[in-house]
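Shown next: query08.txt, given as compact mmCIF, C-alpha atoms.
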```
# COMPACT_ATOMS: atom_id res chain seq x y z
CA MET T 1 50.71 69.95 78.52
CA THR T 2 51.67 72.83 80.76
CA ALA T 3 55.38 73.52 81.14
CA VAL T 4 57.19 73.50 84.45
CA ARG T 5 58.14 77.07 85.28
CA ILE T 6 61.88 77.15 86.04
CA ALA T 7 62.55 79.18 89.18
CA GLY T 8 65.87 80.86 88.50
CA LYS T 9 65.76 82.66 91.84
CA GLU T 10 65.69 79.39 93.77
CA MET T 11 68.57 77.94 91.76
CA ALA T 12 70.58 81.12 92.23
CA ALA T 13 69.94 81.00 95.98
CA GLN T 14 71.48 77.53 96.16
CA VAL T 15 74.60 78.68 94.30
CA ARG T 16 74.75 81.77 96.52
CA GLU T 17 74.86 79.63 99.66
CA GLN T 18 77.79 77.64 98.31
CA LEU T 19 79.65 80.78 97.25
CA SER T 20 79.09 82.35 100.67
CA ARG T 21 80.81 79.36 102.28
CA GLU T 22 83.71 79.61 99.84
CA VAL T 23 84.09 83.35 100.50
CA GLU T 24 84.19 82.73 104.25
CA GLU T 25 86.91 80.16 103.72
CA LEU T 26 88.91 82.61 101.60
CA LYS T 27 88.49 85.33 104.20
CA SER T 28 89.84 82.97 106.86
CA LYS T 29 93.01 82.84 104.75
CA GLY T 30 93.17 86.63 104.46
CA VAL T 31 91.62 86.93 100.99
CA THR T 32 88.43 88.93 100.32
CA PRO T 33 87.14 88.53 96.75
CA SER T 34 86.94 92.04 95.32
CA MET T 35 85.14 93.27 92.23
CA ALA T 36 85.52 96.67 90.54
CA LEU T 37 82.49 97.78 88.54
CA ILE T 38 82.85 100.58 86.02
CA LEU T 39 79.78 102.56 84.98
CA VAL T 40 80.18 105.27 82.35
CA GLY T 41 77.34 107.74 81.93
CA ASP T 42 73.89 108.02 83.46
CA ALA T 43 71.77 105.40 81.69
CA GLU T 44 69.31 104.25 84.34
CA ASP T 45 69.08 100.65 83.10
CA SER T 46 72.87 100.31 83.21
CA ALA T 47 72.96 101.83 86.69
CA LEU T 48 70.30 99.33 87.78
CA TYR T 49 72.33 96.40 86.47
CA VAL T 50 75.46 97.66 88.22
CA ARG T 51 73.63 98.04 91.52
CA SER T 52 72.22 94.53 91.28
CA LYS T 53 75.67 93.07 90.55
CA ALA T 54 77.23 94.95 93.47
CA LYS T 55 74.42 93.78 95.75
CA ALA T 56 74.90 90.16 94.66
CA CYS T 57 78.63 90.46 95.29
CA GLU T 58 78.13 91.84 98.78
CA GLY T 59 75.44 89.22 99.38
CA VAL T 60 78.05 86.45 99.47
CA GLY T 61 80.39 88.46 101.66
CA ALA T 62 82.65 89.70 98.86
CA PHE T 63 83.61 93.34 98.24
CA ALA T 64 82.28 95.50 95.40
CA GLU T 65 83.40 98.99 94.47
CA THR T 66 81.65 101.01 91.76
CA HIS T 67 83.58 103.56 89.72
CA HIS T 68 80.97 105.89 88.21
CA LEU T 69 82.44 107.99 85.42
CA GLY T 70 80.73 110.89 83.68
CA ALA T 71 79.06 110.62 80.28
CA ASP T 72 81.85 112.79 78.80
CA THR T 73 84.62 110.42 79.93
CA THR T 74 87.29 109.98 77.26
CA LEU T 75 88.67 106.69 76.04
CA GLU T 76 92.03 107.55 77.57
CA GLN T 77 90.47 108.18 80.98
CA LEU T 78 88.59 104.91 80.87
CA LEU T 79 91.64 102.91 79.80
CA ASP T 80 93.70 104.61 82.51
CA LEU T 81 91.23 103.47 85.16
CA ILE T 82 91.29 99.90 83.82
CA ASP T 83 95.09 99.96 83.85
CA ARG T 84 95.13 101.04 87.50
CA LEU T 85 92.66 98.32 88.44
CA ASN T 86 94.67 95.74 86.49
CA LYS T 87 97.70 96.63 88.62
CA ASP T 88 95.79 96.57 91.91
CA ASP T 89 96.44 93.16 93.51
CA LYS T 90 93.42 93.59 95.79
CA VAL T 91 91.05 93.64 92.79
CA HIS T 92 90.21 90.15 91.54
CA GLY T 93 87.60 91.00 88.92
CA ILE T 94 86.86 93.99 86.69
CA LEU T 95 83.53 94.61 84.98
CA VAL T 96 82.75 97.40 82.52
CA GLN T 97 78.99 97.84 82.13
CA LEU T 98 77.91 97.91 78.49
CA PRO T 99 76.80 99.63 76.40
CA LEU T 100 79.17 102.56 76.75
CA PRO T 101 78.02 106.10 75.82
CA GLU T 102 77.66 106.73 72.10
CA HIS T 103 81.04 108.42 71.65
CA LEU T 104 82.74 105.30 73.03
CA HIS T 105 80.68 102.64 71.21
CA GLU T 106 83.30 101.97 68.57
CA TYR T 107 85.92 101.34 71.24
CA GLU T 108 84.01 98.77 73.29
CA LYS T 109 86.12 95.84 72.13
CA ARG T 110 89.32 97.76 72.83
CA VAL T 111 88.03 98.56 76.31
CA MET T 112 87.08 94.97 77.09
CA ASP T 113 90.36 93.65 75.71
CA ALA T 114 92.23 96.01 78.04
CA ILE T 115 91.08 94.02 81.08
CA LEU T 116 93.60 91.34 82.09
CA PRO T 117 92.26 87.85 81.20
CA GLU T 118 92.63 86.74 84.82
CA LYS T 119 90.39 89.64 85.94
CA ASP T 120 87.92 89.31 83.05
CA ILE T 121 85.04 87.83 85.05
CA ASP T 122 82.57 88.67 82.25
CA ALA T 123 84.64 86.30 80.03
CA PHE T 124 84.80 88.62 77.02
CA HIS T 125 88.59 88.62 76.57
CA PRO T 126 89.89 86.72 73.51
CA VAL T 127 92.12 84.62 75.79
CA ASN T 128 89.15 83.35 77.81
CA ILE T 129 87.05 82.80 74.70
CA GLY T 130 89.89 81.00 72.95
CA ASN T 131 90.55 78.78 75.96
CA MET T 132 86.87 77.87 76.08
CA VAL T 133 86.94 76.83 72.42
CA ILE T 134 89.97 74.57 72.85
CA GLY T 135 88.81 73.25 76.22
CA ASP T 136 91.45 74.84 78.44
CA ASP T 137 90.80 76.32 81.88
CA CYS T 138 89.03 79.68 81.64
CA TYR T 139 86.14 81.78 82.88
CA LEU T 140 82.87 80.98 81.12
CA GLY T 141 80.47 83.61 79.81
CA VAL T 142 78.03 84.30 82.62
CA THR T 143 74.77 84.13 80.65
CA ALA T 144 75.86 81.10 78.63
CA ASN T 145 76.95 79.35 81.82
CA ALA T 146 73.68 80.30 83.51
CA CYS T 147 71.74 78.57 80.71
CA VAL T 148 73.79 75.39 81.05
CA LYS T 149 73.56 75.39 84.85
CA ILE T 150 69.78 75.70 84.62
CA LEU T 151 69.62 72.72 82.28
CA GLU T 152 71.85 70.72 84.62
CA ASN T 153 69.65 71.64 87.58
CA ILE T 154 66.52 70.25 85.96
CA GLY T 155 68.35 67.01 85.17
CA VAL T 156 68.75 67.24 81.40
CA ASP T 157 70.59 64.36 79.76
CA PHE T 158 72.48 66.28 77.08
CA LYS T 159 73.67 63.28 75.07
CA GLY T 160 72.04 63.20 71.66
CA LYS T 161 69.70 66.13 72.30
CA HIS T 162 69.16 68.63 69.49
CA ALA T 163 69.73 72.14 70.84
CA VAL T 164 68.84 75.19 68.77
CA VAL T 165 70.44 78.50 69.72
CA VAL T 166 68.72 81.53 68.17
CA GLY T 167 71.34 84.29 68.44
CA TRP T 168 75.07 84.45 67.89
CA SER T 169 76.63 87.04 70.23
CA ILE T 170 79.97 86.50 71.95
CA GLU T 171 78.12 86.79 75.27
CA ILE T 172 75.48 84.11 74.77
CA GLY T 173 74.97 82.45 71.39
CA LYS T 174 78.51 81.47 70.48
CA PRO T 175 79.73 80.30 73.91
CA VAL T 176 76.55 78.39 74.80
CA THR T 177 76.79 76.61 71.44
CA MET T 178 80.28 75.40 72.33
CA MET T 179 79.28 74.45 75.88
CA LEU T 180 76.25 72.42 74.76
CA PHE T 181 78.31 70.71 72.06
CA GLU T 182 80.92 69.74 74.67
CA LYS T 183 78.14 68.13 76.71
CA GLY T 184 77.03 65.95 73.81
CA CYS T 185 74.28 67.94 72.13
CA ALA T 186 73.88 68.32 68.41
CA VAL T 187 73.69 72.11 68.17
CA THR T 188 72.23 74.34 65.48
CA LEU T 189 73.17 78.02 65.70
CA VAL T 190 70.65 80.23 63.90
CA HIS T 191 70.81 83.94 63.12
CA PRO T 192 67.89 85.73 64.81
CA ASP T 193 67.14 87.75 61.67
CA GLU T 194 66.68 84.63 59.53
CA ASP T 195 63.77 82.17 59.45
CA PHE T 196 64.51 80.13 62.57
CA VAL T 197 61.09 78.44 62.83
CA PRO T 198 62.03 75.27 60.86
CA TYR T 199 64.81 74.75 63.41
CA THR T 200 62.96 75.59 66.62
CA LYS T 201 60.19 73.17 65.62
CA GLN T 202 62.77 70.35 65.69
CA ALA T 203 64.60 71.35 68.86
CA ASP T 204 64.69 69.44 72.13
CA ILE T 205 66.32 72.48 73.75
CA ILE T 206 65.86 76.10 72.64
CA ILE T 207 68.12 78.92 73.85
CA THR T 208 66.82 82.31 72.74
CA GLU T 209 68.80 85.46 72.11
CA VAL T 210 66.52 87.06 69.57
CA GLY T 211 66.37 90.61 70.91
CA ARG T 212 62.70 91.06 70.01
CA PRO T 213 59.82 90.74 72.46
CA ARG T 214 57.70 87.58 72.19
CA ALA T 215 59.30 86.64 68.86
CA ILE T 216 58.93 82.91 69.55
CA THR T 217 55.43 81.57 70.12
CA GLY T 218 54.08 78.17 71.09
CA GLU T 219 53.39 77.14 67.50
CA MET T 220 57.12 77.51 66.75
CA ILE T 221 58.12 74.99 69.43
CA LYS T 222 58.30 71.20 69.36
CA PRO T 223 55.99 69.65 71.97
CA GLY T 224 57.97 68.79 75.09
CA ALA T 225 60.92 71.07 74.28
CA ILE T 226 62.86 72.89 76.99
CA VAL T 227 62.87 76.66 76.44
CA ILE T 228 65.53 78.90 77.99
CA ASP T 229 64.71 82.55 77.33
CA THR T 230 67.62 85.00 77.77
CA GLY T 231 65.66 87.94 76.39
CA ALA T 232 65.41 91.24 78.24
CA ASN T 233 63.31 93.52 76.05
CA TRP T 234 61.80 96.64 77.58
CA VAL T 235 58.13 97.06 76.72
CA GLU T 236 56.14 99.79 78.45
CA GLY T 237 58.60 99.88 81.32
CA LYS T 238 58.65 96.12 81.85
CA SER T 239 61.17 93.41 80.99
CA VAL T 240 59.74 91.00 78.41
CA GLY T 241 61.36 87.87 77.04
CA ASP T 242 62.03 86.72 73.48
CA VAL T 243 59.38 84.05 74.00
CA ASP T 244 55.62 84.49 74.26
CA TYR T 245 55.46 82.77 77.62
CA ASP T 246 51.76 81.91 77.75
CA SER T 247 51.56 80.15 74.40
CA ALA T 248 54.98 78.51 74.76
CA ALA T 249 54.13 77.17 78.22
CA GLU T 250 51.26 75.21 76.69
CA VAL T 251 53.70 73.30 74.47
CA ALA T 252 57.07 73.12 76.26
CA SER T 253 58.02 70.75 79.09
CA TYR T 254 60.13 73.34 80.93
CA ILE T 255 60.39 77.10 80.42
CA THR T 256 62.13 80.05 82.04
CA PRO T 257 60.06 83.15 82.80
CA VAL T 258 61.19 86.73 82.20
CA PRO T 259 61.94 88.16 84.66
CA GLY T 260 62.94 85.58 87.27
CA GLY T 261 64.43 82.88 85.04
CA VAL T 262 67.88 83.27 83.54
CA GLY T 263 68.46 86.72 85.09
CA PRO T 264 69.14 85.66 88.71
CA MET T 265 71.42 82.85 87.51
CA ARG T 266 73.27 85.22 85.17
CA ILE T 267 74.23 87.48 88.06
CA ILE T 268 75.24 84.67 90.41
CA MET T 269 77.45 83.17 87.67
CA LEU T 270 79.29 86.48 87.58
CA ILE T 271 79.93 86.16 91.30
CA TYR T 272 80.97 82.55 90.71
CA ASN T 273 83.66 83.82 88.31
CA LEU T 274 84.76 86.43 90.84
CA VAL T 275 85.23 83.82 93.56
CA GLU T 276 87.12 81.64 91.08
CA ALA T 277 89.39 84.60 90.29
CA ALA T 278 90.10 85.12 94.00
CA LYS T 279 90.84 81.42 94.48
CA ARG T 280 93.26 81.41 91.56
CA LYS T 281 95.03 84.49 92.87
CA ALA T 282 95.32 82.89 96.30
CA GLY T 283 96.42 79.55 94.88
CA VAL T 284 93.31 77.82 96.25
CA ARG T 285 91.42 75.56 93.81
```

Go ahead and render the structure in this file as structure tokens.
Amino acid sequence: MTAVRIAGKEMAAQVREQLSREVEELKSKGVTPSMALILVGDAEDSALYVRSKAKACEGVGAFAETHHLGADTTLEQLLDLIDRLNKDDKVHGILVQLPLPEHLHEYEKRVMDAILPEKDIDAFHPVNIGNMVIGDDCYLGVTANACVKILENIGVDFKGKHAVVVGWSIEIGKPVTMMLFEKGCAVTLVHPDEDFVPYTKQADIIITEVGRPRAITGEMIKPGAIVIDTGANWVEGKSVGDVDYDSAAEVASYITPVPGGVGPMRIIMLIYNLVEAAKRKAGVR
């Protein structure tokens, strides 16, 4: 068996076309979806991510403005900027690129919680997370939603499937667990530092958030499983997934590559949330 390579770029392009049409419709009503990106410090990988998000935003006809703050920015200065953007009716979505510089690490939750829930297009605010858990209307975490959209695109019948999520962050592991459960999966959430192999060997669907390059190999996977790799580990200047692609592809039925799998869908789901925010603000749903 050789797995089908899931082309995240092609899926993202389809979503992008739909969003472009929705943005044009909003513009015809005098509304231009607008995103404010906040970058603190000079980390090149963070700057790269911000540029790619701004480019994706502009690619659907929306507006993106980057606020680049110095590495010595204080917490008060950062919160003041967020407050001003919260009060700006022309800004529909606010994104703070993480991680923040070392002197601000301990305040990351406070910073993210300062963004109004209706402008929290990353879906980190407790209000959005809480609404997701109870099933109320909310923005969905972009990476978690990207994983689910990919599975939907390849025609997965979720009912009765056993999904194993290796990783438990508020960005991926926890929300994707809830989303898969809502769709009818039996879901096992496993800590990446524990022995997850007995679980991955039983899984019909594996979502990885291990944080270690090539930590999951083909021998750890049930034949025919679907593998969604959210890993982005830097090895010798290259992005490498949590899954050893070559060995896993010999066992799985479908698999996402790194790069080119979840990444493009992750970014377009952010733009999806931005357009949703603009529609809500304009009273268009």

Original post:
Could you pull the residues within 10 Å of T:Pro213, counting only C-alpha atoms, minus those fewer than 6 positions along the same chain, as JSON, numbers by chain?
Top reply: {"T": [231, 232, 233, 234, 235, 239, 240, 241, 242, 243, 244]}

**OP:** Tell me, as a ChimeraX atom specification, which residues lie within 12 Å of T:Asp204, counting only C-alpha atoms; anything in the same chain fewer than 3 positions away does not count.
**Re:** /T:151,156-165,185-188,199-201,207,221-228,251-254

**OP:** Mind giving me the straight-line distance from atom CA of T:Gly61 to atom CA of T:Leu19 in Å, one decimal?
**Re:**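 For atom CA of T:Gly61 relative to atom CA of T:Leu19, the distance reads 8.9 Å.
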
Original post:
atom CA of T:Val40 and atom CA of T:Val210 are how many Å apart?
Top reply: 26.1 Å

**OP:** For each of T:Val148, T:Val142, T:Ala13, T:Val166, take the minimum atom-to-atom distance to T:Val60, counting all atoms listed in the file, then give the residue where this is smallest.
**Re:** T:Ala13

Original post:
What is the atom CA of T:Arg212-atom CA of T:Val258 distance in Å, reported with one decimal?
Top reply: 13.0 Å

Original post:
Pick from T:Gly135, T:Gly173, T:Gly237, T:Gly184: nearest to T:Thr208, with only C-alpha atoms counted?
Top reply: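 Closest candidate: T:Gly173.
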
Subject >> Pick from T:Ala7, T:Val197, T:Ile121, T:Met179, whichever lies nearest to T:Ile154 using only C-alpha atoms >> reply: T:Ala7

Subject >> Counting only C-alpha atoms, the residue of T:Val133, T:Ala123, T:Val96, T:Ile271 that sits nearest T:Val23 >> reply: T:Ile271

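Shortest separation to T:Glu276 among T:Ile115, T:Met35, T:Ile129, T:Ile255 occurs at residue T:Met35, atoms counted being all atoms listed in the file.
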
Box for stretch 186-192 of chain T: with edges along x, y and z, all listed atoms inside and 4 Å added on each side, what are the centre and edge lengths in Å to one decimal, as JSON?
```
{"center_x": 70.9, "center_y": 77.0, "center_z": 65.8, "size_x": 14.0, "size_y": 25.4, "size_z": 13.3}
```

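By only C-alpha atoms, and with residues fewer than 4 positions from stretch 53-56 of chain T along its chain excluded, the set lying at most 10 Å from it is Arg16, Met35, Ala36, Leu37, Ala47, Leu48, Tyr49, Val60, Gly61, Ala62, Phe63, Ala64, Glu65, Thr66, Leu95, Pro264, Arg266, Ile267, Ile268, Leu270 and Ile271 of chain T.
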
Let me see the file: selected residues, C-alpha atoms, as a PDB file, keeping the file's coordinate frame.
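The result, written out as selection-v4.pdb:
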```pdb
ATOM      1  CA  ARG T  16      74.750  81.770  96.520  1.00  0.00           C
ATOM      2  CA  MET T  35      85.140  93.270  92.230  1.00  0.00           C
ATOM      3  CA  ALA T  36      85.520  96.670  90.540  1.00  0.00           C
ATOM      4  CA  LEU T  37      82.490  97.780  88.540  1.00  0.00           C
ATOM      5  CA  ALA T  47      72.960 101.830  86.690  1.00  0.00           C
ATOM      6  CA  LEU T  48      70.300  99.330  87.780  1.00  0.00           C
ATOM      7  CA  TYR T  49      72.330  96.400  86.470  1.00  0.00           C
ATOM      8  CA  VAL T  60      78.050  86.450  99.470  1.00  0.00           C
ATOM      9  CA  GLY T  61      80.390  88.460 101.660  1.00  0.00           C
ATOM     10  CA  ALA T  62      82.650  89.700  98.860  1.00  0.00           C
ATOM     11  CA  PHE T  63      83.610  93.340  98.240  1.00  0.00           C
ATOM     12  CA  ALA T  64      82.280  95.500  95.400  1.00  0.00           C
ATOM     13  CA  GLU T  65      83.400  98.990  94.470  1.00  0.00           C
ATOM     14  CA  THR T  66      81.650 101.010  91.760  1.00  0.00           C
ATOM     15  CA  LEU T  95      83.530  94.610  84.980  1.00  0.00           C
ATOM     16  CA  PRO T 264      69.140  85.660  88.710  1.00  0.00           C
ATOM     17  CA  ARG T 266      73.270  85.220  85.170  1.00  0.00           C
ATOM     18  CA  ILE T 267      74.230  87.480  88.060  1.00  0.00           C
ATOM     19  CA  ILE T 268      75.240  84.670  90.410  1.00  0.00           C
ATOM     20  CA  LEU T 270      79.290  86.480  87.580  1.00  0.00           C
ATOM     21  CA  ILE T 271      79.930  86.160  91.300  1.00  0.00           C
TER      22      ILE T 271
END
```

**OP:** Go through T:Glu102, T:Lys238, T:Val111, T:Ser46 one by one, measure the shortest atom-to-atom distance of each to T:Glu76 using all atoms listed in the file, and give the residue with the smallest value.
**Re:**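 For T:Glu76, the nearest of the candidates is T:Val111.
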
Original post:
Within 12 Å of T:Lys149, counting all atoms listed in the file, which residues qualify if same-chain residues fewer than 3 places away don't, as a PyMOL selection string?
Top reply: chain T and resi 6+8+11-12+14-15+140-146+152-156+176+179-180+183+228+261-262+264-266+268-269+272

**OP:** Could you give me, as an MDAnalysis selection string, the residues within 12 Å of T:Asp89, counting only C-alpha atoms and dropping anything in the same chain fewer than 5 positions from it?
**Re:** chainID T and resid 31:36 83:84 94 116 118:119 277:278 281:282
